[in-house]
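Novice: Below is the file protein.tsv, with TSV, C-alpha atoms.
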```tsv
chain	number	residue	atom	x	y	z
Q	1	MET	CA	0.00	0.00	0.00
Q	2	LYS	CA	1.34	3.43	-0.97
Q	3	LYS	CA	1.85	5.83	1.93
Q	4	ILE	CA	0.41	9.25	1.11
Q	5	PHE	CA	0.73	10.99	4.49
Q	6	SER	CA	3.46	10.76	7.11
Q	7	ARG	CA	5.49	12.76	9.63
Q	8	PRO	CA	7.84	15.23	7.90
Q	9	GLU	CA	11.54	14.43	8.30
Q	10	SER	CA	11.99	17.96	9.68
Q	11	LEU	CA	9.61	17.24	12.57
Q	12	LYS	CA	10.92	15.19	15.49
Q	13	GLU	CA	8.90	12.38	17.05
Q	14	THR	CA	8.35	14.45	20.16
Q	15	GLN	CA	5.00	15.03	21.84
Q	16	HIS	CA	4.01	18.68	21.67
Q	17	LEU	CA	3.37	20.32	25.02
Q	18	TYR	CA	1.07	23.05	23.74
Q	19	CYS	CA	-2.41	23.51	25.18
Q	20	PRO	CA	-5.30	21.60	23.58
Q	21	GLY	CA	-6.50	23.38	20.45
Q	22	CYS	CA	-3.43	25.62	20.17
Q	23	GLY	CA	-2.32	26.56	16.65
Q	24	HIS	CA	1.43	26.29	17.29
Q	25	GLY	CA	1.57	22.57	16.51
Q	26	ILE	CA	-0.10	23.12	13.15
Q	27	ILE	CA	2.33	25.89	12.24
Q	28	HIS	CA	5.30	23.79	13.37
Q	29	ARG	CA	4.24	21.00	11.04
Q	30	ILE	CA	3.71	23.39	8.13
Q	31	ILE	CA	7.26	24.73	8.52
Q	32	ALA	CA	8.60	21.15	8.68
Q	33	GLU	CA	6.69	20.17	5.54
Q	34	VAL	CA	8.00	23.22	3.67
Q	35	ALA	CA	11.58	22.51	4.74
Q	36	ASP	CA	11.26	18.97	3.40
Q	37	GLU	CA	9.59	19.98	0.15
Q	38	LEU	CA	12.21	22.65	-0.57
Q	39	ASN	CA	15.01	20.25	0.43
Q	40	ILE	CA	16.52	22.80	2.84
Q	41	ARG	CA	16.41	20.87	6.12
Q	42	GLU	CA	20.16	20.43	6.45
Q	43	LYS	CA	20.88	24.11	5.88
Q	44	THR	CA	17.99	25.64	7.83
Q	45	ILE	CA	18.53	27.51	11.10
Q	46	GLY	CA	15.54	28.56	13.20
Q	47	ILE	CA	15.53	31.19	15.94
Q	48	ALA	CA	13.26	30.32	18.87
Q	49	PRO	CA	11.69	33.14	20.93
Q	50	VAL	CA	10.79	33.70	24.54
Q	51	GLY	CA	7.14	32.71	24.73
Q	52	CYS	CA	5.01	29.64	24.14
Q	53	ALA	CA	7.37	28.42	21.39
Q	54	VAL	CA	10.47	28.75	23.57
Q	55	PHE	CA	11.09	25.00	23.22
Q	56	ALA	CA	10.75	24.91	19.42
Q	57	TYR	CA	14.15	23.22	19.19
Q	58	ASP	CA	12.57	20.14	20.81
Q	59	TYR	CA	10.21	19.74	17.86
Q	60	TRP	CA	12.12	20.63	14.68
Q	61	ASN	CA	14.71	18.28	13.24
Q	62	PHE	CA	17.08	21.00	12.08
Q	63	ASP	CA	19.31	23.54	13.81
Q	64	VAL	CA	17.48	25.90	16.15
Q	65	THR	CA	19.02	28.44	18.51
Q	66	GLU	CA	17.54	30.57	21.28
Q	67	ALA	CA	17.36	34.37	21.47
Q	68	ALA	CA	16.70	36.84	24.25
Q	69	HIS	CA	13.12	38.12	24.46
Q	70	GLY	CA	12.30	40.12	21.33
Q	71	ARG	CA	15.75	39.70	19.78
Q	72	PRO	CA	15.30	36.88	17.22
Q	73	PRO	CA	15.62	39.28	14.22
Q	74	ALA	CA	18.97	40.52	15.56
Q	75	VAL	CA	20.23	36.97	16.08
Q	76	ALA	CA	18.93	35.96	12.65
Q	77	THR	CA	20.67	38.96	11.08
Q	78	GLY	CA	23.99	37.97	12.60
Q	79	ILE	CA	23.70	34.32	11.56
Q	80	LYS	CA	22.57	35.15	8.01
Q	81	ARG	CA	25.39	37.64	7.47
Q	82	VAL	CA	28.01	35.21	8.71
Q	83	LEU	CA	26.44	32.21	6.93
Q	84	PRO	CA	24.70	33.71	3.88
Q	85	ASN	CA	24.06	30.31	2.29
Q	86	ARG	CA	21.95	29.11	5.22
Q	87	ILE	CA	18.17	29.51	5.33
Q	88	VAL	CA	17.49	31.49	8.50
Q	89	PHE	CA	14.08	32.15	10.02
Q	90	THR	CA	12.61	33.49	13.24
Q	91	TYR	CA	9.49	32.08	14.87
Q	92	GLN	CA	7.89	34.70	17.13
Q	93	GLY	CA	4.71	35.39	19.04
Q	94	ASP	CA	3.00	38.76	19.34
Q	95	GLY	CA	4.48	39.51	22.77
Q	96	ASP	CA	7.98	38.71	21.53
Q	97	LEU	CA	7.78	40.45	18.15
Q	98	ALA	CA	5.24	43.23	18.63
Q	99	ALA	CA	6.10	44.38	22.17
Q	100	ILE	CA	9.66	44.03	23.44
Q	101	GLY	CA	10.85	43.23	19.92
Q	102	THR	CA	9.20	46.09	18.04
Q	103	ALA	CA	12.44	47.94	17.31
Q	104	GLU	CA	14.19	44.73	16.24
Q	105	ILE	CA	11.56	43.72	13.69
Q	106	ILE	CA	11.14	47.22	12.23
Q	107	HIS	CA	14.85	47.79	11.68
Q	108	ALA	CA	15.53	44.26	10.37
Q	109	ALA	CA	12.71	44.76	7.88
Q	110	ASN	CA	13.85	48.26	6.97
Q	111	ARG	CA	17.38	47.00	6.29
Q	112	GLY	CA	15.96	44.35	4.02
Q	113	GLU	CA	17.67	41.52	5.89
Q	114	LYS	CA	17.43	38.35	3.81
Q	115	ILE	CA	15.61	36.35	6.48
Q	116	THR	CA	12.16	34.84	6.92
Q	117	VAL	CA	9.90	35.70	9.87
Q	118	ILE	CA	6.97	33.59	11.02
Q	119	PHE	CA	4.84	35.76	13.30
Q	120	VAL	CA	2.18	33.98	15.38
Q	121	ASN	CA	-0.61	36.31	16.50
Q	122	ASN	CA	-3.00	35.00	19.15
Q	123	ALA	CA	-3.92	38.43	20.55
Q	124	ALA	CA	-2.63	37.69	24.06
Q	125	TYR	CA	0.39	36.78	26.16
Q	126	GLY	CA	-0.02	33.02	26.31
Q	127	MET	CA	3.04	31.80	28.18
Q	128	THR	CA	2.62	34.13	31.17
Q	129	GLY	CA	-1.09	33.53	31.67
Q	130	GLY	CA	-3.07	35.79	29.36
Q	131	GLN	CA	-2.19	39.45	29.86
Q	132	MET	CA	-2.99	42.10	27.22
Q	133	ALA	CA	-0.65	42.00	24.22
Q	134	PRO	CA	-0.02	44.70	21.59
Q	135	THR	CA	-2.38	42.71	19.35
Q	136	THR	CA	-5.25	42.36	21.86
Q	137	LEU	CA	-8.51	43.51	20.27
Q	138	ILE	CA	-10.53	46.51	21.43
Q	139	GLY	CA	-12.98	45.20	24.02
Q	140	GLN	CA	-11.14	41.90	24.47
Q	141	LYS	CA	-10.88	40.77	28.08
Q	142	THR	CA	-7.50	39.65	29.44
Q	143	LEU	CA	-5.90	39.38	32.88
Q	144	THR	CA	-4.78	43.00	32.67
Q	145	THR	CA	-7.90	44.27	30.86
Q	146	PRO	CA	-10.67	42.49	32.82
Q	147	PHE	CA	-13.31	44.85	31.43
Q	148	GLY	CA	-11.94	44.78	27.89
Q	149	ARG	CA	-9.18	46.67	26.10
Q	150	ASN	CA	-9.93	50.38	25.98
Q	151	ALA	CA	-8.40	52.39	23.13
Q	152	GLU	CA	-8.12	55.62	25.13
Q	153	ARG	CA	-6.37	53.89	28.01
Q	154	ASP	CA	-4.50	51.07	26.26
Q	155	GLY	CA	-4.07	52.20	22.67
Q	156	TYR	CA	-5.07	50.27	19.56
Q	157	PRO	CA	-4.06	46.79	18.38
Q	158	LEU	CA	-0.72	46.90	16.56
Q	159	LYS	CA	-1.04	45.75	12.95
Q	160	ILE	CA	2.38	44.47	11.99
Q	161	CYS	CA	1.77	43.71	8.30
Q	162	GLU	CA	0.26	47.12	7.71
Q	163	LEU	CA	3.05	48.76	9.71
Q	164	LEU	CA	5.87	47.09	7.76
Q	165	SER	CA	4.28	47.41	4.33
Q	166	SER	CA	5.72	50.90	3.75
Q	167	LEU	CA	9.33	49.82	4.33
Q	168	GLU	CA	11.45	49.52	1.19
Q	169	GLY	CA	13.47	46.57	2.49
Q	170	VAL	CA	10.39	44.32	2.70
Q	171	VAL	CA	9.61	42.07	-0.27
Q	172	PHE	CA	6.74	39.94	1.06
Q	173	LEU	CA	4.05	40.31	3.73
Q	174	GLU	CA	1.00	38.11	4.14
Q	175	ARG	CA	-1.47	37.48	6.96
Q	176	THR	CA	-3.06	34.05	7.13
Q	177	GLY	CA	-4.68	31.78	9.72
Q	178	VAL	CA	-4.79	28.16	10.88
Q	179	ASN	CA	-8.41	28.13	12.03
Q	180	SER	CA	-9.75	26.14	9.05
Q	181	PRO	CA	-8.43	23.60	6.51
Q	182	GLU	CA	-8.62	26.25	3.78
Q	183	ASN	CA	-6.57	28.71	5.80
Q	184	VAL	CA	-4.03	26.04	6.76
Q	185	LEU	CA	-3.38	25.44	3.06
Q	186	LYS	CA	-3.06	29.18	2.44
Q	187	THR	CA	-0.67	29.47	5.36
Q	188	LYS	CA	1.51	26.72	3.95
Q	189	LYS	CA	1.57	28.43	0.55
Q	190	ALA	CA	2.55	31.75	2.15
Q	191	ILE	CA	5.29	30.22	4.31
Q	192	LYS	CA	6.67	28.32	1.34
Q	193	LYS	CA	6.82	31.53	-0.69
Q	194	ALA	CA	8.57	33.33	2.17
Q	195	PHE	CA	11.28	30.65	2.23
Q	196	GLN	CA	11.54	30.63	-1.56
Q	197	ASN	CA	12.16	34.38	-1.45
Q	198	GLN	CA	15.11	33.77	0.85
Q	199	ILE	CA	16.41	30.95	-1.33
Q	200	GLY	CA	16.25	33.41	-4.22
Q	201	ASN	CA	18.13	36.00	-2.13
Q	202	SER	CA	15.39	38.59	-2.67
Q	203	GLY	CA	15.00	40.14	0.80
Q	204	PHE	CA	12.90	40.29	3.97
Q	205	SER	CA	9.69	38.24	4.16
Q	206	LEU	CA	7.16	37.95	6.99
Q	207	VAL	CA	4.10	35.75	7.33
Q	208	GLU	CA	1.69	36.64	10.14
Q	209	VAL	CA	-0.47	33.71	11.24
Q	210	LEU	CA	-3.64	34.22	13.28
Q	211	SER	CA	-3.60	31.34	15.75
Q	212	GLN	CA	-6.25	30.10	18.13
Q	213	CYS	CA	-5.54	30.11	21.88
Q	214	PRO	CA	-8.54	28.37	23.50
Q	215	VAL	CA	-7.20	28.22	27.07
Q	216	ILE	CA	-6.30	31.91	27.31
Q	217	TRP	CA	-9.41	32.96	25.41
Q	218	ARG	CA	-11.52	30.72	27.68
Q	219	MET	CA	-13.18	29.06	24.71
Q	220	GLY	CA	-13.43	25.56	23.33
Q	221	PRO	CA	-11.21	24.69	20.35
Q	222	VAL	CA	-14.06	24.87	17.84
Q	223	GLU	CA	-15.36	28.13	19.28
Q	224	SER	CA	-11.87	29.67	19.13
Q	225	CYS	CA	-11.59	28.80	15.42
Q	226	LYS	CA	-14.92	30.48	14.78
Q	227	TRP	CA	-13.84	33.52	16.85
Q	228	ILE	CA	-10.91	34.10	14.52
Q	229	GLU	CA	-13.22	33.92	11.51
Q	230	LYS	CA	-16.01	36.09	12.92
Q	231	VAL	CA	-14.16	38.55	15.17
Q	232	MET	CA	-10.39	38.60	14.87
Q	233	VAL	CA	-10.19	39.04	11.10
Q	234	LYS	CA	-12.20	42.27	11.37
Q	235	THR	CA	-9.19	43.82	13.09
Q	236	PHE	CA	-6.56	41.71	11.31
Q	237	PRO	CA	-7.83	41.07	7.77
Q	238	LEU	CA	-6.23	38.19	5.91
Q	239	GLY	CA	-4.39	38.67	2.65
Q	240	VAL	CA	-1.18	39.76	0.94
Q	241	PHE	CA	0.02	43.20	2.02
Q	242	LYS	CA	3.17	43.36	-0.08
Q	243	ASP	CA	4.71	41.13	-2.73
Q	244	THR	CA	7.42	42.69	-4.86
Q	245	ASN	CA	8.00	39.37	-6.62
Q	246	ARG	CA	4.41	39.04	-7.83
Q	247	HIS	CA	3.97	38.88	-11.57
Q	248	GLU	CA	0.55	40.10	-12.61
```
Kindly transcribe the structure held in the file into structure tokens.
Specialist:
Amino acid sequence: MKKIFSRPESLKETQHLYCPGCGHGIIHRIIAEVADELNIREKTIGIAPVGCAVFAYDYWNFDVTEAAHGRPPAVATGIKRVLPNRIVFTYQGDGDLAAIGTAEIIHAANRGEKITVIFVNNAAYGMTGGQMAPTTLIGQKTLTTPFGRNAERDGYPLKICELLSSLEGVVFLERTGVNSPENVLKTKKAIKKAFQNQIGNSGFSLVEVLSQCPVIWRMGPVESCKWIEKVMVKTFPLGVFKDTNRHE
């Protein structure tokens, strides 16, 4: 019998420790599948963040290093400049990339560093228990906004794709999700393109992935997928925000 589905070589046989219904495991597998399909496993280097994905090196079967909170783009920049033939990517949550790491991501993008960034947006601080994040929606309740995020008091959700789209060093920006089979396929296509851009030496690429966080959101897994579709995408619309390599 022909095998048509199996574990990617780039994904270790390690049980994921993420909460039930979390999107991180799906995104991890997508990255592993892309690494296998592009035949880049043995020259790929991932940068793990501080956050829920801090132990990413336990799951991927390629080189992964750790970075201080918010600093993966700086570490990736150093590695890529020293080893320009390696495929270097960061894997960051919204607290890591959009809060303490805001300066790092903006300047790496503006310099046009030839790296790939996978940005996981679940609108909350997951690892530390569910405080408000830069991406928390207006009205969304968290540990530090028990009555809902208030724009006058807390500011507005930070939209990373829109923010980076004006920078000349950026070649590709897309926001996707993993809340449905259709969106999982679109996410894989986007991540594959982001890696292909780096293989082609064309510049900075970022894929933002809206990811469900049932435990922090206090929802069931199915309900959290529907919440992304019905609520979250109103603030963070899906789509391509920049693609300088697109041929119309």
Novice: Residues of region 199-233 of chain Q that have any atom at most 7 Å from an atom of region 18-35 of chain Q: could you tabulate them with the shortest-distance atom pair and the distance in Å to one decimal, using all atoms listed in the file, ordered by chain and increasing number, as JSON lines?
Specialist:
```
{"residue": "Q:Ser211", "atom": "CA", "partner": "Q:Gly23", "partner_atom": "CA", "distance": 5.0}
{"residue": "Q:Gln212", "atom": "CA", "partner": "Q:Gly23", "partner_atom": "CA", "distance": 5.5}
{"residue": "Q:Cys213", "atom": "CA", "partner": "Q:Cys22", "partner_atom": "CA", "distance": 5.2}
{"residue": "Q:Pro214", "atom": "CA", "partner": "Q:Gly21", "partner_atom": "CA", "distance": 6.2}
{"residue": "Q:Val215", "atom": "CA", "partner": "Q:Cys19", "partner_atom": "CA", "distance": 7.0}
{"residue": "Q:Pro221", "atom": "CA", "partner": "Q:Gly21", "partner_atom": "CA", "distance": 4.9}
```
Novice: Keeping C-alpha atoms for every residue in the selection just given, could you write it to a file as a PDB file, in the coordinates of the input?
Specialist:
```
ATOM      1  CA  SER Q 211      -3.600  31.340  15.750  1.00  0.00           C
ATOM      2  CA  GLN Q 212      -6.250  30.100  18.130  1.00  0.00           C
ATOM      3  CA  CYS Q 213      -5.540  30.110  21.880  1.00  0.00           C
ATOM      4  CA  PRO Q 214      -8.540  28.370  23.500  1.00  0.00           C
ATOM      5  CA  VAL Q 215      -7.200  28.220  27.070  1.00  0.00           C
ATOM      6  CA  PRO Q 221     -11.210  24.690  20.350  1.00  0.00           C
TER       7      PRO Q 221
END
```
Novice: The residues within 9 Å of (20.3, 17.0, 12.5), using only C-alpha atoms and the coordinates of the file, should be reported as a CSV table (one decimal) with C-alpha atoms, in the coordinates of the input; which are they?
Specialist:
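Contents of part-v6.csv, as written:
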```csv
chain,number,residue,atom,x,y,z
Q,10,SER,CA,12.0,18.0,9.7
Q,41,ARG,CA,16.4,20.9,6.1
Q,42,GLU,CA,20.2,20.4,6.4
Q,61,ASN,CA,14.7,18.3,13.2
Q,62,PHE,CA,17.1,21.0,12.1
Q,63,ASP,CA,19.3,23.5,13.8
```
Novice: Which value, in Å to one decimal, gives the distance between CA of Glu208 (chain Q) and CA of Asp36 (chain Q)?
Specialist: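 We find that CA of Glu208 (chain Q) and CA of Asp36 (chain Q) lie 21.2 Å from each other.
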Novice: For Ser166 (chain Q), which residue among Q:Thr77, Q:Thr65, Q:Thr142, Q:Asn110 is the nearest when counting only C-alpha atoms?
Specialist: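 For Ser166 (chain Q), the nearest of the candidates is Q:Asn110.
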Novice: Using all atoms listed in the file, which of the listed residues (Q:Lys242, Q:Gly203, Q:Val170, Q:Ser180) sits closest to Lys226 (chain Q)?
Specialist: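 Closest to Lys226 (chain Q) of all the choices is Q:Ser180.
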Novice: What does the structure give for the distance between CA of Lys43 (chain Q) and CA of Ile4 (chain Q), in Å to one decimal?
Specialist: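 If I compute the distance from CA of Lys43 (chain Q) to CA of Ile4 (chain Q), I get 25.7 Å.
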Novice: Return as lines of an AutoDock Vina configuration file the box centre and box size in Å, one decimal, for an axis-aligned box around all listed atoms of region 122-128 of chain Q padded by 8 Å per side.
Specialist:
```
center_x = -0.4
center_y = 35.1
center_z = 25.2
size_x = 23.0
size_y = 22.6
size_z = 28.0
```
